[in-house]
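J.: Got a file for you: work-v8.pdb, PDB, C-alpha atoms.
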MODEL        1
ATOM      1  CA  MET O   1     -15.374  -8.292 -22.925
ATOM      2  CA  ARG O   2     -14.377  -6.937 -19.504
ATOM      3  CA  ASN O   3     -12.304  -3.824 -19.076
ATOM      4  CA  LYS O   4      -9.097  -3.790 -17.020
ATOM      5  CA  GLY O   5     -10.799  -2.351 -13.940
ATOM      6  CA  GLU O   6     -13.367  -5.135 -13.962
ATOM      7  CA  THR O   7     -10.583  -7.701 -14.339
ATOM      8  CA  LEU O   8      -8.657  -6.312 -11.359
ATOM      9  CA  ALA O   9     -11.862  -6.023  -9.290
ATOM     10  CA  GLU O  10     -12.599  -9.684  -9.931
ATOM     11  CA  ILE O  11      -9.127 -10.655  -8.700
ATOM     12  CA  LEU O  12      -9.473  -8.537  -5.559
ATOM     13  CA  ARG O  13     -12.898  -9.972  -4.705
ATOM     14  CA  ASP O  14     -11.127 -13.220  -3.770
ATOM     15  CA  TYR O  15      -9.655 -11.292  -0.812
ATOM     16  CA  LYS O  16     -12.952  -9.873   0.457
ATOM     17  CA  ASP O  17     -11.852  -9.357   4.060
ATOM     18  CA  CYS O  18      -9.262  -6.714   3.105
ATOM     19  CA  PHE O  19      -9.043  -2.997   2.520
ATOM     20  CA  PHE O  20      -7.327  -2.273  -0.793
ATOM     21  CA  PHE O  21      -5.060   0.601  -1.716
ATOM     22  CA  LEU O  22      -3.658   1.052  -5.232
ATOM     23  CA  HIS O  23      -0.478   2.802  -6.340
ATOM     24  CA  ASN O  24       0.840   3.077  -9.895
ATOM     25  CA  THR O  25       4.462   3.030 -10.993
ATOM     26  CA  LYS O  26       6.083   3.221 -14.418
ATOM     27  CA  GLU O  27       8.785   0.597 -14.056
ATOM     28  CA  LEU O  28       8.386  -3.142 -13.616
ATOM     29  CA  THR O  29      11.588  -3.170 -11.570
ATOM     30  CA  VAL O  30      10.082  -0.653  -9.137
ATOM     31  CA  ALA O  31       6.940  -2.772  -8.686
ATOM     32  CA  GLU O  32       9.112  -5.833  -8.051
ATOM     33  CA  LYS O  33      11.292  -3.918  -5.588
ATOM     34  CA  ILE O  34       8.221  -2.770  -3.659
ATOM     35  CA  MET O  35       7.093  -6.407  -3.426
ATOM     36  CA  GLU O  36      10.472  -7.374  -1.971
ATOM     37  CA  GLU O  37      11.267  -4.429   0.292
ATOM     38  CA  GLY O  38       7.937  -2.842   1.201
ATOM     39  CA  PHE O  39       6.094   0.298   0.163
ATOM     40  CA  VAL O  40       7.831   3.553   1.047
ATOM     41  CA  PHE O  41       5.541   6.577   1.152
ATOM     42  CA  GLU O  42       5.539  10.167   2.302
ATOM     43  CA  THR O  43       3.328  11.734   4.998
ATOM     44  CA  GLN O  44       0.053   9.813   4.605
ATOM     45  CA  LEU O  45      -0.903   6.606   2.854
ATOM     46  CA  SER O  46      -3.821   8.425   1.229
ATOM     47  CA  ARG O  47      -1.415  10.767  -0.603
ATOM     48  CA  SER O  48       0.382   7.895  -2.335
ATOM     49  CA  THR O  49      -2.492   5.470  -2.840
ATOM     50  CA  ASP O  50      -6.181   5.333  -3.626
ATOM     51  CA  ARG O  51      -8.449   3.161  -1.530
ATOM     52  CA  VAL O  52     -10.781   1.103  -3.714
ATOM     53  CA  ASN O  53     -13.643  -1.323  -3.264
ATOM     54  CA  PRO O  54     -13.550  -4.478  -5.431
ATOM     55  CA  ASN O  55     -17.350  -4.553  -5.367
ATOM     56  CA  GLU O  56     -17.252  -1.306  -7.345
ATOM     57  CA  PRO O  57     -15.394  -2.174 -10.572
ATOM     58  CA  VAL O  58     -16.278   1.252 -12.002
ATOM     59  CA  GLU O  59     -14.275   2.806  -9.160
ATOM     60  CA  ILE O  60     -11.234   0.677 -10.024
ATOM     61  CA  SER O  61     -11.639   1.444 -13.743
ATOM     62  CA  TYR O  62     -11.732   5.149 -12.882
ATOM     63  CA  PHE O  63      -8.569   4.803 -10.780
ATOM     64  CA  LEU O  64      -6.715   3.042 -13.600
ATOM     65  CA  LEU O  65      -7.792   5.739 -16.063
ATOM     66  CA  GLN O  66      -6.949   8.651 -13.757
ATOM     67  CA  ARG O  67      -3.552   7.257 -12.738
ATOM     68  CA  LYS O  68      -2.389   5.901 -16.110
ATOM     69  CA  ASP O  69       0.189   8.696 -16.443
ATOM     70  CA  TYR O  70       1.851   7.385 -13.264
ATOM     71  CA  GLY O  71       2.584   4.070 -14.928
ATOM     72  CA  ALA O  72       1.286   0.749 -16.173
ATOM     73  CA  TYR O  73       2.003  -1.251 -13.013
ATOM     74  CA  THR O  74      -0.575  -1.024 -10.251
ATOM     75  CA  VAL O  75       0.748  -2.097  -6.865
ATOM     76  CA  VAL O  76      -2.019  -3.553  -4.679
ATOM     77  CA  LEU O  77      -1.852  -3.141  -0.914
ATOM     78  CA  ALA O  78      -4.240  -5.516   0.847
ATOM     79  CA  ILE O  79      -4.599  -5.096   4.591
ATOM     80  CA  PRO O  80      -7.112  -7.349   6.342
ATOM     81  CA  LYS O  81      -9.929  -5.256   7.794
ATOM     82  CA  ALA O  82      -9.400  -6.670  11.295
ATOM     83  CA  THR O  83      -5.696  -5.759  11.194
ATOM     84  CA  TYR O  84      -6.416  -2.276   9.844
ATOM     85  CA  GLU O  85      -8.915  -1.730  12.649
ATOM     86  CA  ILE O  86      -6.245  -2.746  15.193
ATOM     87  CA  TYR O  87      -3.873  -0.196  13.641
ATOM     88  CA  ALA O  88      -6.588   2.489  13.757
ATOM     89  CA  SER O  89      -7.469   1.679  17.370
ATOM     90  CA  ILE O  90      -3.845   1.877  18.506
ATOM     91  CA  SER O  91      -3.406   5.070  16.503
ATOM     92  CA  ASN O  92      -6.334   6.625  18.382
ATOM     93  CA  GLN O  93      -5.178   5.302  21.767
ATOM     94  CA  ILE O  94      -1.693   6.762  21.525
ATOM     95  CA  ASN O  95      -2.752   9.805  19.491
ATOM     96  CA  VAL O  96      -0.512   9.330  16.446
ATOM     97  CA  GLY O  97      -1.281   8.903  12.764
ATOM     98  CA  ILE O  98      -2.094   5.400  11.594
ATOM     99  CA  GLU O  99       1.034   5.499   9.415
ATOM    100  CA  GLU O 100       3.133   5.663  12.578
ATOM    101  CA  VAL O 101       1.551   2.416  13.768
ATOM    102  CA  MET O 102       1.776   0.707  10.366
ATOM    103  CA  THR O 103       5.397   1.533   9.553
ATOM    104  CA  ILE O 104       7.947  -1.262   9.884
ATOM    105  CA  SER O 105      10.898   1.041  10.323
ATOM    106  CA  GLU O 106      11.606   4.224  12.138
ATOM    107  CA  PRO O 107       9.991   7.108  10.247
ATOM    108  CA  TYR O 108      12.342   9.824   9.103
ATOM    109  CA  TYR O 109      12.128  13.227   7.496
ATOM    110  CA  GLY O 110      12.793  13.198   3.775
ATOM    111  CA  ASP O 111      14.182  15.911   1.544
ATOM    112  CA  ASN O 112      10.826  17.727   1.545
ATOM    113  CA  ASP O 113      10.690  17.788   5.362
ATOM    114  CA  GLU O 114       7.849  15.266   5.212
ATOM    115  CA  LEU O 115       7.797  12.044   7.203
ATOM    116  CA  ILE O 116       8.710   8.900   5.277
ATOM    117  CA  TYR O 117       7.150   5.561   6.281
ATOM    118  CA  THR O 118       7.560   1.975   5.097
ATOM    119  CA  LEU O 119       4.681  -0.472   4.860
ATOM    120  CA  SER O 120       5.700  -4.113   5.159
ATOM    121  CA  ASN O 121       5.839  -6.199   2.005
ATOM    122  CA  LYS O 122       3.582  -8.599   3.918
ATOM    123  CA  HIS O 123       0.737  -6.111   3.243
ATOM    124  CA  LEU O 124       1.447  -6.039  -0.506
ATOM    125  CA  LEU O 125      -0.809  -8.460  -2.341
ATOM    126  CA  GLY O 126       0.918  -8.046  -5.686
ATOM    127  CA  PHE O 127       0.826  -5.876  -8.761
ATOM    128  CA  TYR O 128      -1.313  -5.655 -11.856
ATOM    129  CA  ASP O 129       0.256  -5.173 -15.286
ATOM    130  CA  ILE O 130      -2.284  -2.952 -17.003
ATOM    131  CA  LYS O 131      -0.848  -3.489 -20.491
ATOM    132  CA  ASN O 132      -1.214  -7.263 -20.363
ATOM    133  CA  SER O 133      -4.045  -7.540 -17.817
ATOM    134  CA  GLU O 134      -1.905  -9.871 -15.695
ATOM    135  CA  PHE O 135      -1.769 -10.027 -11.923
ATOM    136  CA  PHE O 136       1.438 -11.047 -10.180
ATOM    137  CA  ARG O 137       0.840 -12.164  -6.602
ATOM    138  CA  ASN O 138       3.463 -11.275  -4.026
ATOM    139  CA  ILE O 139       4.783 -14.440  -2.363
ATOM    140  CA  ASN O 140       5.499 -12.403   0.792
ATOM    141  CA  TRP O 141       1.883 -11.284   1.330
ATOM    142  CA  ASP O 142       0.629 -12.604   4.653
ATOM    143  CA  PRO O 143      -2.998 -12.022   5.679
ATOM    144  CA  ARG O 144      -2.077 -12.886   9.284
ATOM    145  CA  PHE O 145       0.661 -10.252   9.525
ATOM    146  CA  ASN O 146       0.113  -7.582  12.156
ATOM    147  CA  ASN O 147       2.858  -4.993  12.484
ATOM    148  CA  CYS O 148       1.946  -4.422  16.135
ATOM    149  CA  GLU O 149       3.113  -7.935  16.940
ATOM    150  CA  VAL O 150       6.550  -7.234  15.453
ATOM    151  CA  ALA O 151       9.069  -6.083  18.028
ATOM    152  CA  HIS O 152      10.810  -2.930  16.913
ATOM    153  CA  SER O 153      11.212   0.448  18.485
ATOM    154  CA  LYS O 154       9.689   3.570  17.078
ATOM    155  CA  LYS O 155      11.499   6.705  18.060
ATOM    156  CA  THR O 156      10.991  10.335  17.300
ATOM    157  CA  PRO O 157      11.537  10.848  13.580
ATOM    158  CA  SER O 158      14.983  12.148  12.760
ATOM    159  CA  ARG O 159      15.681  15.056  10.439
ATOM    160  CA  PRO O 160      18.000  14.529   7.468
ATOM    161  CA  HIS O 161      21.444  16.008   7.678
ATOM    162  CA  LYS O 162      21.751  19.007   5.383
ATOM    163  CA  ARG O 163      25.080  19.563   3.712
TER     164      ARG O 163
ENDMDL
END
Could you write out this file's structure as structure tokens?
T.:
Amino acid sequence: MRNKGETLAEILRDYKDCFFFLHNTKELTVAEKIMEEGFVFETQLSRSTDRVNPNEPVEISYFLLQRKDYGAYTVVLAIPKATYEIYASISNQINVGIEEVMTISEPYYGDNDELIYTLSNKHLLGFYDIKNSEFFRNINWDPRFNNCEVAHSKKTPSRPHKR
């Protein structure tokens, strides 16, 4: 019998040309909202997610064990390697963090004076229900999506108004 990490790794192996980032949440409604609206995170993607390799099911099992207190729904971000490399290249060329290139909306300063970014729902492969070992694929996921081809302006992040 396979463990939950092995099950998720097997699912992710079908998308071998992607980098995967996992994020746990406690509520099903939150996982569904992320699939619809995108993934909102603070400062750096690496602070809110863990990058995993589907060829290392032990790594995914470890993630699920370590993050179980954060919830039973594991959101899976899947960014094609070629697209991620474009984001990294542009990030280096214009000397900004990769999150600035990846965000689909203007970054802003949150309550903690940290930048808040939004990753497109087109980079969200789906979520894994740990309790039931079920994977729910996001119908909006698009392996051809490249945020750099989307026309939107990125301005200097704005600070929240303090009352």
J.: In Å, with one decimal, what is the gap from CA of Asp69 in chain O to CA of Phe19 in chain O?
T.: 24.1 Å
J.: Might you pull out every residue within 12 Å of Leu28 in chain O, with only C-alpha atoms counted and same-chain residues fewer than 4 positions away left off, and present them as number ranges by chain?
T.: O: 24, 32-35, 71-75, 126-131, 136
J.: Would you work out the distance separating CA of Tyr117 in chain O from CA of Thr103 in chain O, expressed in Å to one decimal?
T.: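 Between CA of Tyr117 in chain O and CA of Thr103 in chain O the gap works out to 5.5 Å.
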J.: Taking only C-alpha atoms into account, name the residue in O:Glu85, O:Val30, O:Ser48, O:Ser133 that is nearest to Glu10 in chain O.
T.: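 For Glu10 in chain O, the nearest of the candidates is O:Ser133.
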J.: Take the PyMOL selection byres ((chain O and resi 77) around 6), run it mentally on this structure, and tell me the resulting residues as a short mmCIF file (atom, residue, chain, number, x, y, z; two decimals) with C-alpha atoms, in the frame of the given file.
T.:
data_model
loop_
_atom_site.label_atom_id
_atom_site.label_comp_id
_atom_site.auth_asym_id
_atom_site.auth_seq_id
_atom_site.Cartn_x
_atom_site.Cartn_y
_atom_site.Cartn_z
CA PHE O 20 -7.33 -2.27 -0.79
CA PHE O 21 -5.06 0.60 -1.72
CA VAL O 76 -2.02 -3.55 -4.68
CA ALA O 78 -4.24 -5.52 0.85
CA HIS O 123 0.74 -6.11 3.24
CA LEU O 124 1.45 -6.04 -0.51
CA LEU O 125 -0.81 -8.46 -2.34
#
J.: Residues at most 12 Å from Phe145 in chain O, counting only C-alpha atoms, excluding those fewer than 2 positions away in the same chain, as an MDAnalysis selection string?
T.: chainID O and resid 78:84 86:87 102 104 119:124 140:143 147:150
J.: Output C-alpha atoms of each residue in that selection to a file, as a PDB file, in the coordinates of the input.
T.:
ATOM      1  CA  ALA O  78      -4.240  -5.516   0.847  1.00  0.00           C
ATOM      2  CA  ILE O  79      -4.599  -5.096   4.591  1.00  0.00           C
ATOM      3  CA  PRO O  80      -7.112  -7.349   6.342  1.00  0.00           C
ATOM      4  CA  LYS O  81      -9.929  -5.256   7.794  1.00  0.00           C
ATOM      5  CA  ALA O  82      -9.400  -6.670  11.295  1.00  0.00           C
ATOM      6  CA  THR O  83      -5.696  -5.759  11.194  1.00  0.00           C
ATOM      7  CA  TYR O  84      -6.416  -2.276   9.844  1.00  0.00           C
ATOM      8  CA  ILE O  86      -6.245  -2.746  15.193  1.00  0.00           C
ATOM      9  CA  TYR O  87      -3.873  -0.196  13.641  1.00  0.00           C
ATOM     10  CA  MET O 102       1.776   0.707  10.366  1.00  0.00           C
ATOM     11  CA  ILE O 104       7.947  -1.262   9.884  1.00  0.00           C
ATOM     12  CA  LEU O 119       4.681  -0.472   4.860  1.00  0.00           C
ATOM     13  CA  SER O 120       5.700  -4.113   5.159  1.00  0.00           C
ATOM     14  CA  ASN O 121       5.839  -6.199   2.005  1.00  0.00           C
ATOM     15  CA  LYS O 122       3.582  -8.599   3.918  1.00  0.00           C
ATOM     16  CA  HIS O 123       0.737  -6.111   3.243  1.00  0.00           C
ATOM     17  CA  LEU O 124       1.447  -6.039  -0.506  1.00  0.00           C
ATOM     18  CA  ASN O 140       5.499 -12.403   0.792  1.00  0.00           C
ATOM     19  CA  TRP O 141       1.883 -11.284   1.330  1.00  0.00           C
ATOM     20  CA  ASP O 142       0.629 -12.604   4.653  1.00  0.00           C
ATOM     21  CA  PRO O 143      -2.998 -12.022   5.679  1.00  0.00           C
ATOM     22  CA  ASN O 147       2.858  -4.993  12.484  1.00  0.00           C
ATOM     23  CA  CYS O 148       1.946  -4.422  16.135  1.00  0.00           C
ATOM     24  CA  GLU O 149       3.113  -7.935  16.940  1.00  0.00           C
ATOM     25  CA  VAL O 150       6.550  -7.234  15.453  1.00  0.00           C
TER      26      VAL O 150
END
J.: Of the candidates O:Asn132, O:Thr7, O:Asn146, O:Thr43, which shows the shortest atom-to-atom distance to Val58 in chain O, using only C-alpha atoms?
T.: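 Nearest candidate to Val58 in chain O out of O:Asn132, O:Thr7, O:Asn146, O:Thr43: O:Thr7.
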J.: Between O:Gln66, O:Val96, O:Ser61, O:Ser89, which residue has the minimum interatomic distance to Arg2 in chain O, considering all atoms listed in the file?
T.: O:Ser61
J.: Pick from O:Ala88, O:His23, O:Asn112, O:Asp17: nearest to Phe63 in chain O, with only C-alpha atoms counted?
T.: O:His23
J.: Could you tell me how far CA of Pro57 in chain O sits from CA of Gly5 in chain O, in Å to one decimal place?
T.: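 Calculated distance between CA of Gly5 in chain O and CA of Pro57 in chain O is 5.7 Å.
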J.: Using only C-alpha atoms, which of the listed residues (O:Thr118, O:Thr25, O:Asn3, O:Ser105) sits closest to Lys68 in chain O?
T.: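 Checking each of O:Thr118, O:Thr25, O:Asn3, O:Ser105 against Lys68 in chain O, counting only C-alpha atoms, the winner is O:Thr25.
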J.: My list of candidates is O:Asp111, O:Arg144, O:Leu64, O:Glu100. Which is closest to Lys4 in chain O when distances are computed with only C-alpha atoms?
T.: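 Of the candidates, the smallest distance to Lys4 in chain O is held by O:Leu64.
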J.: What would the list of residues within 10 Å of (5.0, 14.9, 0.9) (file frame) look like as a PyMOL selection string, if all atoms listed in the file are what count?
T.: chain O and resi 41-44+47-48+109-116
